[in-house]
>>> print(open('protein-v2.txt').read())   # compact mmCIF, N, CA and C atoms and all ligand atoms
# COMPACT_ATOMS: atom_id res chain seq x y z
N MET A 1 -30.73 -38.67 -27.43
CA MET A 1 -31.28 -38.09 -26.19
C MET A 1 -30.67 -38.80 -24.97
N THR A 2 -30.21 -38.02 -24.03
CA THR A 2 -29.62 -38.60 -22.83
C THR A 2 -30.73 -39.05 -21.88
N ASP A 3 -30.69 -40.29 -21.50
CA ASP A 3 -31.67 -40.84 -20.57
C ASP A 3 -31.11 -40.74 -19.15
N TYR A 4 -31.35 -39.59 -18.53
CA TYR A 4 -30.77 -39.33 -17.21
C TYR A 4 -31.27 -40.30 -16.14
N LYS A 5 -32.53 -40.69 -16.26
CA LYS A 5 -33.10 -41.61 -15.27
C LYS A 5 -32.39 -42.97 -15.35
N HIS A 6 -32.25 -43.46 -16.56
CA HIS A 6 -31.58 -44.75 -16.77
C HIS A 6 -30.13 -44.70 -16.26
N LEU A 7 -29.44 -43.62 -16.61
CA LEU A 7 -28.03 -43.49 -16.21
C LEU A 7 -27.89 -43.43 -14.69
N SER A 8 -28.77 -42.69 -14.03
CA SER A 8 -28.64 -42.57 -12.57
C SER A 8 -29.01 -43.88 -11.89
N GLN A 9 -29.91 -44.67 -12.50
CA GLN A 9 -30.22 -45.99 -11.95
C GLN A 9 -28.99 -46.90 -12.01
N ARG A 10 -28.29 -46.83 -13.13
CA ARG A 10 -27.07 -47.64 -13.28
C ARG A 10 -26.01 -47.21 -12.26
N LEU A 11 -25.87 -45.89 -12.09
CA LEU A 11 -24.89 -45.37 -11.14
C LEU A 11 -25.22 -45.84 -9.72
N LYS A 12 -26.51 -45.85 -9.40
CA LYS A 12 -26.95 -46.29 -8.08
C LYS A 12 -26.57 -47.74 -7.83
N LEU A 13 -26.71 -48.57 -8.87
CA LEU A 13 -26.35 -49.99 -8.73
C LEU A 13 -24.87 -50.14 -8.41
N MET A 14 -24.06 -49.26 -9.00
CA MET A 14 -22.61 -49.36 -8.79
C MET A 14 -22.17 -48.68 -7.49
N ALA A 15 -22.97 -47.73 -7.01
CA ALA A 15 -22.56 -46.91 -5.87
C ALA A 15 -22.85 -47.61 -4.55
N HIS A 16 -22.33 -48.81 -4.40
CA HIS A 16 -22.55 -49.62 -3.21
C HIS A 16 -21.37 -50.59 -3.15
N PRO A 17 -20.60 -50.55 -2.05
CA PRO A 17 -19.35 -51.32 -2.03
C PRO A 17 -19.51 -52.82 -2.30
N GLU A 18 -20.53 -53.43 -1.70
CA GLU A 18 -20.69 -54.89 -1.88
C GLU A 18 -21.14 -55.22 -3.30
N ARG A 19 -22.04 -54.40 -3.84
CA ARG A 19 -22.50 -54.67 -5.22
C ARG A 19 -21.37 -54.45 -6.21
N LEU A 20 -20.56 -53.42 -5.95
CA LEU A 20 -19.43 -53.16 -6.85
C LEU A 20 -18.44 -54.33 -6.82
N ARG A 21 -18.23 -54.88 -5.64
CA ARG A 21 -17.36 -56.05 -5.49
C ARG A 21 -17.92 -57.24 -6.27
N MET A 22 -19.25 -57.44 -6.13
CA MET A 22 -19.92 -58.54 -6.86
C MET A 22 -19.80 -58.34 -8.36
N LEU A 23 -20.03 -57.12 -8.79
CA LEU A 23 -19.95 -56.83 -10.23
C LEU A 23 -18.53 -57.10 -10.73
N ASP A 24 -17.55 -56.77 -9.89
CA ASP A 24 -16.15 -57.00 -10.27
C ASP A 24 -15.89 -58.50 -10.44
N VAL A 25 -16.47 -59.30 -9.57
CA VAL A 25 -16.31 -60.75 -9.67
C VAL A 25 -17.06 -61.30 -10.88
N LEU A 26 -18.29 -60.81 -11.05
CA LEU A 26 -19.18 -61.38 -12.08
C LEU A 26 -18.89 -60.86 -13.48
N ARG A 27 -18.00 -59.88 -13.59
CA ARG A 27 -17.61 -59.45 -14.94
C ARG A 27 -16.48 -60.34 -15.45
N ARG A 28 -15.84 -61.09 -14.52
CA ARG A 28 -14.72 -61.96 -14.90
C ARG A 28 -15.18 -63.35 -15.31
N ASN A 29 -16.13 -63.86 -14.51
CA ASN A 29 -16.51 -65.27 -14.68
C ASN A 29 -17.90 -65.48 -14.07
N PRO A 30 -18.74 -66.34 -14.66
CA PRO A 30 -20.04 -66.63 -14.05
C PRO A 30 -19.86 -67.34 -12.71
N GLU A 31 -20.59 -66.89 -11.69
CA GLU A 31 -20.48 -67.51 -10.36
C GLU A 31 -21.88 -67.69 -9.78
N CYS A 32 -21.99 -68.61 -8.82
CA CYS A 32 -23.27 -68.84 -8.16
C CYS A 32 -23.33 -68.05 -6.85
N VAL A 33 -24.54 -67.97 -6.30
CA VAL A 33 -24.75 -67.21 -5.06
C VAL A 33 -23.89 -67.75 -3.92
N CYS A 34 -23.78 -69.08 -3.82
CA CYS A 34 -23.02 -69.63 -2.69
C CYS A 34 -21.54 -69.26 -2.81
N HIS A 35 -21.05 -69.09 -4.03
CA HIS A 35 -19.65 -68.67 -4.19
C HIS A 35 -19.47 -67.21 -3.75
N LEU A 36 -20.40 -66.36 -4.16
CA LEU A 36 -20.33 -64.95 -3.73
C LEU A 36 -20.42 -64.84 -2.22
N GLU A 37 -21.23 -65.70 -1.64
CA GLU A 37 -21.39 -65.74 -0.19
C GLU A 37 -20.04 -66.01 0.48
N ALA A 38 -19.31 -67.00 -0.04
CA ALA A 38 -18.01 -67.37 0.54
C ALA A 38 -16.97 -66.27 0.28
N LEU A 39 -17.03 -65.70 -0.92
CA LEU A 39 -16.04 -64.70 -1.33
C LEU A 39 -16.20 -63.39 -0.55
N LEU A 40 -17.44 -62.96 -0.36
CA LEU A 40 -17.69 -61.69 0.31
C LEU A 40 -17.89 -61.84 1.81
N GLY A 41 -18.06 -63.08 2.26
CA GLY A 41 -18.28 -63.31 3.69
C GLY A 41 -19.57 -62.70 4.19
N ARG A 42 -20.61 -62.78 3.36
CA ARG A 42 -21.93 -62.25 3.74
C ARG A 42 -22.94 -63.38 3.70
N PRO A 43 -24.01 -63.26 4.51
CA PRO A 43 -25.01 -64.34 4.52
C PRO A 43 -25.76 -64.46 3.19
N GLN A 44 -26.24 -65.66 2.93
CA GLN A 44 -26.89 -65.97 1.66
C GLN A 44 -28.08 -65.06 1.34
N PRO A 45 -28.98 -64.77 2.31
CA PRO A 45 -30.12 -63.91 1.96
C PRO A 45 -29.68 -62.53 1.49
N TYR A 46 -28.62 -62.03 2.09
CA TYR A 46 -28.09 -60.72 1.71
C TYR A 46 -27.57 -60.76 0.26
N ILE A 47 -26.77 -61.77 -0.04
CA ILE A 47 -26.22 -61.92 -1.39
C ILE A 47 -27.34 -62.09 -2.41
N SER A 48 -28.30 -62.95 -2.07
CA SER A 48 -29.43 -63.20 -2.98
C SER A 48 -30.18 -61.91 -3.30
N GLN A 49 -30.36 -61.09 -2.28
CA GLN A 49 -31.09 -59.84 -2.45
C GLN A 49 -30.35 -58.91 -3.42
N GLN A 50 -29.03 -58.81 -3.25
CA GLN A 50 -28.24 -57.94 -4.13
C GLN A 50 -28.21 -58.49 -5.56
N VAL A 51 -28.07 -59.80 -5.68
CA VAL A 51 -28.04 -60.44 -7.00
C VAL A 51 -29.38 -60.23 -7.71
N ARG A 52 -30.47 -60.38 -6.94
CA ARG A 52 -31.81 -60.20 -7.51
C ARG A 52 -31.96 -58.78 -8.05
N MET A 53 -31.47 -57.81 -7.28
CA MET A 53 -31.57 -56.41 -7.69
C MET A 53 -30.83 -56.17 -9.02
N LEU A 54 -29.62 -56.73 -9.11
CA LEU A 54 -28.81 -56.56 -10.33
C LEU A 54 -29.44 -57.31 -11.50
N HIS A 55 -30.01 -58.46 -11.21
CA HIS A 55 -30.63 -59.28 -12.24
C HIS A 55 -31.87 -58.58 -12.78
N ARG A 56 -32.69 -58.04 -11.88
CA ARG A 56 -33.91 -57.34 -12.28
C ARG A 56 -33.61 -56.11 -13.12
N ALA A 57 -32.49 -55.47 -12.81
CA ALA A 57 -32.10 -54.25 -13.54
C ALA A 57 -31.55 -54.60 -14.93
N GLY A 58 -31.42 -55.89 -15.19
CA GLY A 58 -30.96 -56.31 -16.52
C GLY A 58 -29.45 -56.28 -16.68
N VAL A 59 -28.74 -56.19 -15.54
CA VAL A 59 -27.28 -56.11 -15.58
C VAL A 59 -26.67 -57.51 -15.62
N LEU A 60 -27.35 -58.46 -14.94
CA LEU A 60 -26.83 -59.83 -14.88
C LEU A 60 -27.68 -60.77 -15.72
N LYS A 61 -27.03 -61.77 -16.27
CA LYS A 61 -27.72 -62.88 -16.91
C LYS A 61 -27.50 -64.10 -16.05
N SER A 62 -28.50 -64.97 -16.00
CA SER A 62 -28.35 -66.17 -15.19
C SER A 62 -28.43 -67.40 -16.08
N GLU A 63 -27.74 -68.43 -15.64
CA GLU A 63 -27.76 -69.71 -16.35
C GLU A 63 -27.81 -70.81 -15.32
N LYS A 64 -28.78 -71.69 -15.46
CA LYS A 64 -28.92 -72.78 -14.50
C LYS A 64 -28.14 -74.00 -14.99
N LEU A 65 -27.26 -74.48 -14.11
CA LEU A 65 -26.48 -75.68 -14.43
C LEU A 65 -26.65 -76.64 -13.27
N GLY A 66 -27.39 -77.70 -13.48
CA GLY A 66 -27.66 -78.64 -12.40
C GLY A 66 -28.42 -77.95 -11.28
N GLN A 67 -27.87 -78.03 -10.06
CA GLN A 67 -28.53 -77.45 -8.89
C GLN A 67 -28.27 -75.95 -8.76
N ASN A 68 -27.28 -75.45 -9.48
CA ASN A 68 -26.84 -74.08 -9.24
C ASN A 68 -27.20 -73.14 -10.38
N THR A 69 -27.43 -71.88 -10.00
CA THR A 69 -27.63 -70.84 -10.99
C THR A 69 -26.40 -69.95 -11.00
N PHE A 70 -25.83 -69.76 -12.18
CA PHE A 70 -24.63 -68.94 -12.30
C PHE A 70 -24.99 -67.59 -12.90
N TYR A 71 -24.40 -66.56 -12.35
CA TYR A 71 -24.68 -65.19 -12.80
C TYR A 71 -23.42 -64.57 -13.38
N ARG A 72 -23.64 -63.74 -14.42
CA ARG A 72 -22.52 -62.99 -14.97
C ARG A 72 -23.03 -61.64 -15.44
N VAL A 73 -22.13 -60.66 -15.51
CA VAL A 73 -22.50 -59.35 -16.02
C VAL A 73 -22.63 -59.48 -17.54
N SER A 74 -23.81 -59.18 -18.05
CA SER A 74 -24.07 -59.38 -19.48
C SER A 74 -24.29 -58.07 -20.20
N ASP A 75 -24.53 -57.01 -19.46
CA ASP A 75 -24.87 -55.73 -20.07
C ASP A 75 -23.60 -55.02 -20.56
N PRO A 76 -23.47 -54.78 -21.86
CA PRO A 76 -22.24 -54.19 -22.41
C PRO A 76 -21.95 -52.81 -21.85
N GLU A 77 -23.02 -52.04 -21.61
CA GLU A 77 -22.85 -50.70 -21.05
C GLU A 77 -22.25 -50.79 -19.63
N MET A 78 -22.79 -51.70 -18.83
CA MET A 78 -22.27 -51.86 -17.46
C MET A 78 -20.83 -52.36 -17.49
N LEU A 79 -20.53 -53.27 -18.42
CA LEU A 79 -19.16 -53.77 -18.53
C LEU A 79 -18.19 -52.63 -18.86
N ALA A 80 -18.60 -51.73 -19.74
CA ALA A 80 -17.76 -50.59 -20.11
C ALA A 80 -17.57 -49.66 -18.92
N TRP A 81 -18.62 -49.44 -18.17
CA TRP A 81 -18.53 -48.58 -16.98
C TRP A 81 -17.60 -49.19 -15.94
N LEU A 82 -17.74 -50.51 -15.74
CA LEU A 82 -16.89 -51.19 -14.75
C LEU A 82 -15.42 -51.09 -15.15
N ASP A 83 -15.16 -51.17 -16.46
CA ASP A 83 -13.79 -51.01 -16.94
C ASP A 83 -13.25 -49.63 -16.60
N LEU A 84 -14.11 -48.62 -16.73
CA LEU A 84 -13.70 -47.25 -16.42
C LEU A 84 -13.43 -47.08 -14.93
N VAL A 85 -14.32 -47.63 -14.11
CA VAL A 85 -14.25 -47.42 -12.67
C VAL A 85 -13.17 -48.30 -12.02
N LEU A 86 -13.11 -49.56 -12.45
CA LEU A 86 -12.23 -50.53 -11.79
C LEU A 86 -10.97 -50.84 -12.59
N GLY A 87 -10.92 -50.35 -13.82
CA GLY A 87 -9.83 -50.74 -14.71
C GLY A 87 -10.24 -52.00 -15.45
N ALA A 88 -9.65 -52.20 -16.62
CA ALA A 88 -10.00 -53.38 -17.41
C ALA A 88 -9.54 -54.65 -16.70
N VAL A 89 -10.25 -55.72 -16.90
CA VAL A 89 -9.84 -57.01 -16.34
C VAL A 89 -8.62 -57.50 -17.13
N PRO A 90 -7.52 -57.84 -16.44
CA PRO A 90 -6.38 -58.40 -17.17
C PRO A 90 -6.82 -59.64 -17.94
N VAL A 91 -6.36 -59.76 -19.17
CA VAL A 91 -6.79 -60.87 -20.05
C VAL A 91 -6.62 -62.22 -19.35
N ALA A 92 -5.53 -62.34 -18.57
CA ALA A 92 -5.24 -63.60 -17.89
C ALA A 92 -6.32 -63.97 -16.87
N LEU A 93 -7.07 -62.98 -16.40
CA LEU A 93 -8.08 -63.24 -15.38
C LEU A 93 -9.48 -63.38 -15.96
N LEU A 94 -9.65 -63.03 -17.24
CA LEU A 94 -10.97 -63.15 -17.87
C LEU A 94 -11.35 -64.62 -17.98
N GLY A 95 -12.56 -64.93 -17.51
CA GLY A 95 -13.03 -66.31 -17.60
C GLY A 95 -12.35 -67.23 -16.60
N ARG A 96 -11.60 -66.65 -15.66
CA ARG A 96 -10.94 -67.46 -14.63
C ARG A 96 -11.75 -67.41 -13.35
N HIS A 97 -11.91 -68.55 -12.76
CA HIS A 97 -12.66 -68.65 -11.52
C HIS A 97 -11.74 -68.37 -10.34
N GLU A 98 -12.16 -67.44 -9.48
CA GLU A 98 -11.36 -67.12 -8.30
C GLU A 98 -11.81 -68.02 -7.16
N THR A 99 -11.01 -68.98 -6.81
CA THR A 99 -11.38 -69.96 -5.80
C THR A 99 -11.43 -69.31 -4.41
N ALA A 100 -12.51 -69.58 -3.69
CA ALA A 100 -12.65 -69.07 -2.33
C ALA A 100 -12.43 -70.21 -1.36
N THR A 101 -11.71 -69.92 -0.28
CA THR A 101 -11.47 -70.97 0.70
C THR A 101 -12.78 -71.32 1.38
N ALA A 102 -12.99 -72.56 1.67
CA ALA A 102 -14.18 -73.06 2.36
C ALA A 102 -15.45 -72.86 1.55
N CYS A 103 -15.34 -72.76 0.23
CA CYS A 103 -16.54 -72.63 -0.60
C CYS A 103 -16.91 -74.01 -1.13
N VAL A 104 -18.22 -74.28 -1.12
CA VAL A 104 -18.68 -75.60 -1.57
C VAL A 104 -19.32 -75.54 -2.96
N CYS A 105 -19.13 -74.43 -3.67
CA CYS A 105 -19.74 -74.33 -5.00
C CYS A 105 -19.04 -75.30 -5.96
N PRO A 106 -19.73 -75.72 -7.03
CA PRO A 106 -19.16 -76.73 -7.93
C PRO A 106 -17.82 -76.31 -8.54
N GLN A 107 -17.66 -75.02 -8.81
CA GLN A 107 -16.42 -74.57 -9.44
C GLN A 107 -15.23 -74.65 -8.48
N CYS A 108 -15.47 -74.33 -7.20
CA CYS A 108 -14.39 -74.41 -6.21
C CYS A 108 -14.05 -75.87 -5.93
N GLN A 109 -15.06 -76.73 -5.99
CA GLN A 109 -14.82 -78.15 -5.73
C GLN A 109 -14.05 -78.79 -6.88
N ARG A 110 -14.29 -78.24 -8.09
CA ARG A 110 -13.64 -78.81 -9.27
C ARG A 110 -12.19 -78.41 -9.37
N GLU A 111 -11.89 -77.12 -9.10
CA GLU A 111 -10.51 -76.66 -9.20
C GLU A 111 -10.04 -76.22 -7.82
N PRO A 112 -9.35 -77.07 -7.12
CA PRO A 112 -8.91 -76.68 -5.78
C PRO A 112 -7.65 -75.81 -5.80
N VAL A 113 -7.38 -75.16 -6.92
CA VAL A 113 -6.19 -74.33 -7.07
C VAL A 113 -6.56 -72.88 -6.77
N THR A 114 -5.82 -72.25 -5.89
CA THR A 114 -6.09 -70.85 -5.58
C THR A 114 -5.44 -69.97 -6.64
N LEU A 115 -6.26 -69.07 -7.20
CA LEU A 115 -5.78 -68.23 -8.29
C LEU A 115 -4.68 -67.27 -7.82
N TYR A 116 -4.84 -66.75 -6.60
CA TYR A 116 -3.91 -65.73 -6.13
C TYR A 116 -2.90 -66.30 -5.12
N ALA A 117 -2.52 -67.53 -5.33
CA ALA A 117 -1.58 -68.15 -4.38
C ALA A 117 -0.21 -67.49 -4.48
ZN ZN A 201 -16.96 -71.30 -4.95
>>> encode(input="protein-v2.txt", output="structure tokens", more="lines below")
Ligand SMILES: [Zn+2]
Amino acid sequence: MTDYKHLSQRLKLMAHPERLRMLDVLRRNPECVCHLEALLGRPQPYISQQVRMLHRAGVLKSEKLGQNTFYRVSDPEMLAWLDLVLGAVPVALLGRHETATACVCPQCQREPVTLYA
């Protein structure tokens, strides 16, 4: 049975430029809110709100490491949809952290190498 309500809810989550950008980042590598903030150039409350929405919908999984909570796309259905919409993530970029300039997140502090240099 096709669950039209469920499917349209998922489409709604994707049908938003900033959320789609976040999903694109979070399907590659787990990231924290402060990293998304630096990457998207949006204020923290805005990012938190979008992350909360995706998390509540069951699309993101969170993992707390020290002071930071890292989010990643965990839903296999959403991952498949993102592959269709955005193209598959190149293997070389899977699990790779995209360093943002002026980001103070632990991952950016650890690897000061810019991925797209
Ligand atoms: Zn960062």
>>> closest_atom_pairs(input="protein-v2.txt", of="chain A", to="ligand ZN 201 (chain A)", cutoff="9 Å", atoms="only C-alpha atoms and all ligand atoms", output="tab-separated table")
residue	atom	partner	partner_atom	distance
A:Glu31	CA	A:ZN201	ZN	7.5
A:Cys32	CA	A:ZN201	ZN	7.5
A:Val33	CA	A:ZN201	ZN	8.8
A:Cys34	CA	A:ZN201	ZN	6.7
A:His35	CA	A:ZN201	ZN	3.8
A:Leu36	CA	A:ZN201	ZN	7.3
A:Glu37	CA	A:ZN201	ZN	8.6
A:Ala38	CA	A:ZN201	ZN	6.8
A:Leu39	CA	A:ZN201	ZN	7.6
A:His97	CA	A:ZN201	ZN	8.3
A:Glu98	CA	A:ZN201	ZN	7.7
A:Thr99	CA	A:ZN201	ZN	5.8
A:Ala100	CA	A:ZN201	ZN	5.5
A:Thr101	CA	A:ZN201	ZN	7.9
A:Ala102	CA	A:ZN201	ZN	8.0
A:Cys103	CA	A:ZN201	ZN	4.6
A:Val104	CA	A:ZN201	ZN	5.7
A:Cys105	CA	A:ZN201	ZN	4.1
A:Pro106	CA	A:ZN201	ZN	6.6
A:Gln107	CA	A:ZN201	ZN	5.6
A:Cys108	CA	A:ZN201	ZN	4.2
A:Gln109	CA	A:ZN201	ZN	7.2
>>> residues_around(input="protein-v2.txt", residues="range 42-59 of chain A", least_positions_apart="3", cutoff="5 Å", atoms="all atoms listed in the file", output="mmCIF file with N, CA and C atoms, keeping the file's coordinate frame")
data_model
loop_
_atom_site.group_PDB
_atom_site.id
_atom_site.type_symbol
_atom_site.label_atom_id
_atom_site.label_comp_id
_atom_site.auth_asym_id
_atom_site.auth_seq_id
_atom_site.Cartn_x
_atom_site.Cartn_y
_atom_site.Cartn_z
ATOM 1 N N GLU A 37 -21.230 -65.700 -1.640
ATOM 2 C CA GLU A 37 -21.390 -65.740 -0.190
ATOM 3 C C GLU A 37 -20.040 -66.010 0.480
ATOM 4 N N VAL A 73 -22.130 -60.660 -15.510
ATOM 5 C CA VAL A 73 -22.500 -59.350 -16.020
ATOM 6 C C VAL A 73 -22.630 -59.480 -17.540
ATOM 7 N N SER A 74 -23.810 -59.180 -18.050
ATOM 8 C CA SER A 74 -24.070 -59.380 -19.480
ATOM 9 C C SER A 74 -24.290 -58.070 -20.200
ATOM 10 N N ASP A 75 -24.530 -57.010 -19.460
ATOM 11 C CA ASP A 75 -24.870 -55.730 -20.070
ATOM 12 C C ASP A 75 -23.600 -55.020 -20.560
#
>>> atom_distance(input="protein-v2.txt", atom1="CA of Arg110 in chain A", atom2="atom C of Arg96 in chain A")
12.3 Å
>>> axis_aligned_box(input="protein-v2.txt", around="range 27-43 of chain A", padding_each_side="3 Å", output="lines of an AutoDock Vina configuration file")
center_x = -20.2
center_y = -64.5
center_z = -5.5
size_x = 17.0
size_y = 16.2
size_z = 26.0
>>> residues_around(input="protein-v2.txt", residues="Leu23 in chain A", least_positions_apart="3", cutoff="10 Å", atoms="only C-alpha atoms", output="PyMOL selection string")
chain A and resi 13-14+17-20+26-28+51+54+59-60+71-73+78-79+82
>>> write_last_selection(input="protein-v2.txt", atoms="N, CA and C atoms", output="compact mmCIF listing (two decimals), in the frame of the given file")
# COMPACT_ATOMS: atom_id res chain seq x y z
N LEU A 13 -26.71 -48.57 -8.87
CA LEU A 13 -26.35 -49.99 -8.73
C LEU A 13 -24.87 -50.14 -8.41
N MET A 14 -24.06 -49.26 -9.00
CA MET A 14 -22.61 -49.36 -8.79
C MET A 14 -22.17 -48.68 -7.49
N PRO A 17 -20.60 -50.55 -2.05
CA PRO A 17 -19.35 -51.32 -2.03
C PRO A 17 -19.51 -52.82 -2.30
N GLU A 18 -20.53 -53.43 -1.70
CA GLU A 18 -20.69 -54.89 -1.88
C GLU A 18 -21.14 -55.22 -3.30
N ARG A 19 -22.04 -54.40 -3.84
CA ARG A 19 -22.50 -54.67 -5.22
C ARG A 19 -21.37 -54.45 -6.21
N LEU A 20 -20.56 -53.42 -5.95
CA LEU A 20 -19.43 -53.16 -6.85
C LEU A 20 -18.44 -54.33 -6.82
N LEU A 26 -18.29 -60.81 -11.05
CA LEU A 26 -19.18 -61.38 -12.08
C LEU A 26 -18.89 -60.86 -13.48
N ARG A 27 -18.00 -59.88 -13.59
CA ARG A 27 -17.61 -59.45 -14.94
C ARG A 27 -16.48 -60.34 -15.45
N ARG A 28 -15.84 -61.09 -14.52
CA ARG A 28 -14.72 -61.96 -14.90
C ARG A 28 -15.18 -63.35 -15.31
N VAL A 51 -28.07 -59.80 -5.68
CA VAL A 51 -28.04 -60.44 -7.00
C VAL A 51 -29.38 -60.23 -7.71
N LEU A 54 -29.62 -56.73 -9.11
CA LEU A 54 -28.81 -56.56 -10.33
C LEU A 54 -29.44 -57.31 -11.50
N VAL A 59 -28.74 -56.19 -15.54
CA VAL A 59 -27.28 -56.11 -15.58
C VAL A 59 -26.67 -57.51 -15.62
N LEU A 60 -27.35 -58.46 -14.94
CA LEU A 60 -26.83 -59.83 -14.88
C LEU A 60 -27.68 -60.77 -15.72
N TYR A 71 -24.40 -66.56 -12.35
CA TYR A 71 -24.68 -65.19 -12.80
C TYR A 71 -23.42 -64.57 -13.38
N ARG A 72 -23.64 -63.74 -14.42
CA ARG A 72 -22.52 -62.99 -14.97
C ARG A 72 -23.03 -61.64 -15.44
N VAL A 73 -22.13 -60.66 -15.51
CA VAL A 73 -22.50 -59.35 -16.02
C VAL A 73 -22.63 -59.48 -17.54
N MET A 78 -22.79 -51.70 -18.83
CA MET A 78 -22.27 -51.86 -17.46
C MET A 78 -20.83 -52.36 -17.49
N LEU A 79 -20.53 -53.27 -18.42
CA LEU A 79 -19.16 -53.77 -18.53
C LEU A 79 -18.19 -52.63 -18.86
N LEU A 82 -17.74 -50.51 -15.74
CA LEU A 82 -16.89 -51.19 -14.75
C LEU A 82 -15.42 -51.09 -15.15
>>> select_by_dssp(input="protein-v2.txt", residues="chain A", states="strand (DSSP E or B)", output="list in words")
Glu31, Cys32, Leu60, Lys61, Ser62, Glu63, Lys64, Leu65, Asn68, Thr69, Phe70, Tyr71, Arg72 and Val73 of chain A
>>> closest_residue(input="protein-v2.txt", among="A:Ala80, A:Leu40, A:Gly87, A:Gln67", to="Arg21 in chain A", atoms="all atoms listed in the file")
A:Leu40
>>> select_by_dssp(input="protein-v2.txt", residues="chain A", states="alpha helix (DSSP H)", output="number ranges by chain")
A: 4-14, 17-26, 33-40, 44-56, 76-86, 106-110
>>> atom_distance(input="protein-v2.txt", atom1="atom C of Leu93 in chain A", atom2="atom C of Phe70 in chain A")
16.4 Å
>>> atom_distance(input="protein-v2.txt", atom1="atom N of Lys64 in chain A", atom2="atom N of Pro30 in chain A")
11.4 Å
